[in-house]
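Novice: This is the structure I want to talk about, given as structure tokens.
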Amino acid sequence: MKHILRSLTVAAAASAAALAAPLGAAELNLFAWSEYVPQAVLDKFTEETGIKVNYETYDSNEEMLSKLVGGAEYDLVQPSEYVIEVMVRRGMLAPIDYKALPNAKNLDPAFLKQPHDPEQKFSIPYMVGSVGIVVNTEKVTDPIKGYADVFSGKYSGRIVALDDNRELLTWALATLGHDINSIDAAALAKAKPVLAKWLPQIKLYDSASPKTSLLNGEVDIGIVWSGEAAILYNEDKKFQYVLPAEGAHMFIDSLAIPKDAPNKKEAHAFLDFILRPEISALISADFPYTNPNVAARAQLSDEQRANPASYPADHSTLKTFRDIGKAASDVEKLITDLRAGS
Ligand code: N2P
């Protein structure tokens, strides 16, 4: 009986929603990183605008790019800075209409007009972050300063790493003192023996939720997205975040509208919605990356702003990635082969 009543209520609510929605109800197809957009934010947007959000997720820029190139239709995607540069070069993005985005004024100029989108024509920063080392200090007591310490051999089989070939290569290049954005055959040849020693020490590759294996004690050290490290730190202060001394990647993950997006108006409505300080602060609460929205940051608690993974005191060693053109497929091949043990 209870069950029947509940389904009747659900049916009534659904038909009320159908009545309220205009004919051919508006939709938004969002393709974004997993564990990055809170469901509550999507629900609030739908409640307020009547626009239904279809949210699909991915775990790497390459995965997103290949789906789009394969003809999938999305209204918003969420590339990192270097992939925005690739997409602009290939003419894959539609320009942003700033008239529809009064809340764009909330964005921190420090993350705008960067080399990947010099006029900020094609992308709206969503979250910024770094890739660094998380140490379970109860299990790893030696000082850990950089990639070379993680891969000294001492922690073999106790390491989680991002499932991301460009990131993996970067750790080796930075350790060799090589510019992380100058990638050619010679750079790859230098990095290869380093990675051949390092990769077998990794227990697990995980870009979606590397915090999980650290939390459950399956591994003791990891190289992960800063937001994951921030969540671990909130969970237990024994998880310390270290920005590698050799230098590290700072990503500017942004929302962008594919050129052929069928629902550009809805895409702009969503962009302006998430640029509202209180909405952006909700995103920070679930996914504590560096919020590029100054007005949202002002709404965070002192504790949130004091999380060293979310807001590192010193960013001087951080660097964004650039589009490396054709070398990107060489990177994929080298690392895939090394990971396969050949
Ligand atoms: C969110 C992943 C952050 C993406 N789960 C790093 N570019």
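We label chains A, B, ... in the order they appear in the structure tokens, count residues from 1 in each chain, and number ligands from 1 in the order shown.
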Among stretch 47-176 of chain A, which residues does DSSP mark as strand (DSSP E or B) when it is run on the backbone? Keep the chain and numbering as in the structure and answer as a list in words.
Specialist: Lys52, Val53, Asn54, Tyr55, Glu56, Thr57, Tyr58, Leu76, Val77, Leu93, Ala94, Leu107, Ile124, Pro125, Tyr126, Met127, Val128, Gly129, Ser130, Val131, Gly132, Ile133, Val134, Val135, Asn136, Ile159, Val160 and Ala161 of chain A
Novice: Excluding stretch 82-87 of chain A and residues on its chain fewer than 3 positions from it, collect all residues at most 7 Å away from it, counting only C-alpha atoms, and give them as a list in words.
Specialist: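 Final neighbour list, sorted by chain and number: Asn61, Pro79, Arg90, Gly91, Met92, Leu93, His116, Asp117, Phe321, Arg322 and Asp323 of chain A.
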Novice: Collect all residues with atoms no farther than 9 Å from ligand 1, counting only C-alpha atoms and all ligand atoms, and output them as number ranges by chain.
Specialist: A: 32-37, 58-61, 78-81, 127-131, 207-209, 224-228, 250-253, 287, 289
Novice: Pick out the residues sitting within 12 Å of A:Gly71, and hand them over as number ranges by chain; count only C-alpha atoms, and ignore anything fewer than 4 positions along from it in its own chain.
Specialist: A: 64-67, 92, 258-261
Novice: Please identify which residues in stretch 99-281 of chain A DSSP calls helix (DSSP H, G or I) from the backbone, and express them as a VMD selection string.
Specialist: chain A and resid 99 to 100 102 to 106 109 to 111 147 to 150 165 to 175 185 to 201 211 to 215 226 to 235 264 to 274 277 to 281
Novice: Could you give me, as a list in words, the residues within 10 Å of A:His249, counting only C-alpha atoms and dropping anything in the same chain fewer than 4 positions from it?
Specialist: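 Using only C-alpha atoms, the neighbours found are Gly129, Ser130, Val131, Gly132, Glu167, Thr170, Trp171, Ala174, Ile180, Trp225, Leu243, Pro244, Thr317, Leu318, Lys319, Thr320 and Phe321 of chain A.
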Novice: Using only C-alpha atoms for the distances, tell me which of A:Ala328, A:Val219, A:Leu173, A:Val77 is nearest to A:Thr137.
Specialist: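 Between A:Ala328, A:Val219, A:Leu173, A:Val77, the residue approaching A:Thr137 most closely is A:Val219.
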Novice: Fewer than 3 positions away in the same chain doesn't count, so skip those; otherwise give me all residues within 8 Å of A:Ala269, counting only C-alpha atoms, as an MDAnalysis selection string.
Specialist: chainID A and resid 100:101 265:266 272:273
Novice: Write out, as a PDB file, in the first residue's frame, the residues just selected, with N, CA and C atoms.
Specialist:
ATOM      1  N   ALA A 100      25.426  37.216 -22.064  1.00  0.00           N
ATOM      2  CA  ALA A 100      24.574  36.291 -21.304  1.00  0.00           C
ATOM      3  C   ALA A 100      25.211  35.900 -19.958  1.00  0.00           C
ATOM      4  N   LEU A 101      26.385  36.418 -19.671  1.00  0.00           N
ATOM      5  CA  LEU A 101      27.105  36.000 -18.460  1.00  0.00           C
ATOM      6  C   LEU A 101      27.462  37.166 -17.538  1.00  0.00           C
ATOM      7  N   LYS A 265      21.930  28.318 -25.995  1.00  0.00           N
ATOM      8  CA  LYS A 265      21.282  29.237 -25.042  1.00  0.00           C
ATOM      9  C   LYS A 265      21.280  28.612 -23.640  1.00  0.00           C
ATOM     10  N   GLU A 266      20.937  27.348 -23.596  1.00  0.00           N
ATOM     11  CA  GLU A 266      20.894  26.635 -22.316  1.00  0.00           C
ATOM     12  C   GLU A 266      22.303  26.535 -21.723  1.00  0.00           C
ATOM     13  N   ASP A 272      26.207  30.898 -16.541  1.00  0.00           N
ATOM     14  CA  ASP A 272      25.966  32.018 -15.643  1.00  0.00           C
ATOM     15  C   ASP A 272      25.500  31.541 -14.261  1.00  0.00           C
ATOM     16  N   PHE A 273      24.738  30.442 -14.275  1.00  0.00           N
ATOM     17  CA  PHE A 273      24.255  29.872 -13.005  1.00  0.00           C
ATOM     18  C   PHE A 273      25.435  29.446 -12.127  1.00  0.00           C
TER      19      PHE A 273
END
Novice: Calculated over only C-alpha atoms, which of the candidates A:Lys121, A:His315, A:Lys211, A:Lys203 has the smallest distance to A:Ser156?
Specialist: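 Closest to A:Ser156 of all the choices is A:Lys203.
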Novice: So, counting only C-alpha atoms, which residue among A:Ala230, A:Ala172, A:Leu275, A:Ile124 is closest to A:Gln304?
Specialist: A:Ala230
Novice: Using only C-alpha atoms, can you tell me which of A:Gln120, A:Pro38, A:Ala296, A:Asp206 comes closest to A:Asp164?
Specialist: A:Asp206
Novice: Which polymer residues have any atom within 8 Å of an atom of A:Leu199, counting only C-alpha atoms, with same-chain residues fewer than 4 positions away left out, as an MDAnalysis selection string?
Specialist: chainID A and resid 195 338:339
Novice: Residues within 12 Å of A:Ile144, please, as a PyMOL selection string. Count only C-alpha atoms; anything in the same chain fewer than 2 positions from it doesn't count.
Specialist: chain A and resi 132-137+140-142+146-152+154-155+221-223+240-246
Novice: Let's have the selection written as a CSV table (one decimal), in the first residue's frame, with C-alpha atoms.
Specialist:
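Written out: result11.csv:
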chain,number,residue,atom,x,y,z
A,132,GLY,CA,50.9,16.7,-6.4
A,133,ILE,CA,51.8,14.1,-3.8
A,134,VAL,CA,49.6,12.8,-1.0
A,135,VAL,CA,51.5,11.1,1.8
A,136,ASN,CA,49.9,9.0,4.5
A,137,THR,CA,52.3,10.3,7.2
A,140,VAL,CA,55.5,7.0,5.2
A,141,THR,CA,57.8,8.8,7.7
A,142,ASP,CA,60.7,9.8,5.6
A,146,GLY,CA,59.3,15.3,-4.9
A,147,TYR,CA,58.6,12.6,-7.6
A,148,ALA,CA,62.1,11.1,-7.1
A,149,ASP,CA,61.3,10.4,-3.5
A,150,VAL,CA,58.0,8.7,-4.4
A,151,PHE,CA,59.7,6.5,-6.9
A,152,SER,CA,62.9,5.8,-4.8
A,154,LYS,CA,61.0,2.2,-1.1
A,155,TYR,CA,57.3,2.5,-1.7
A,221,ILE,CA,51.3,7.5,-1.1
A,222,GLY,CA,50.0,8.9,-4.4
A,223,ILE,CA,50.3,11.5,-7.1
A,240,GLN,CA,49.6,15.6,3.8
A,241,TYR,CA,49.8,17.3,0.4
A,242,VAL,CA,53.2,18.1,-1.1
A,243,LEU,CA,53.8,20.1,-4.2
A,244,PRO,CA,56.7,18.4,-5.9
A,245,ALA,CA,59.9,20.4,-5.7
A,246,GLU,CA,60.8,19.6,-9.3
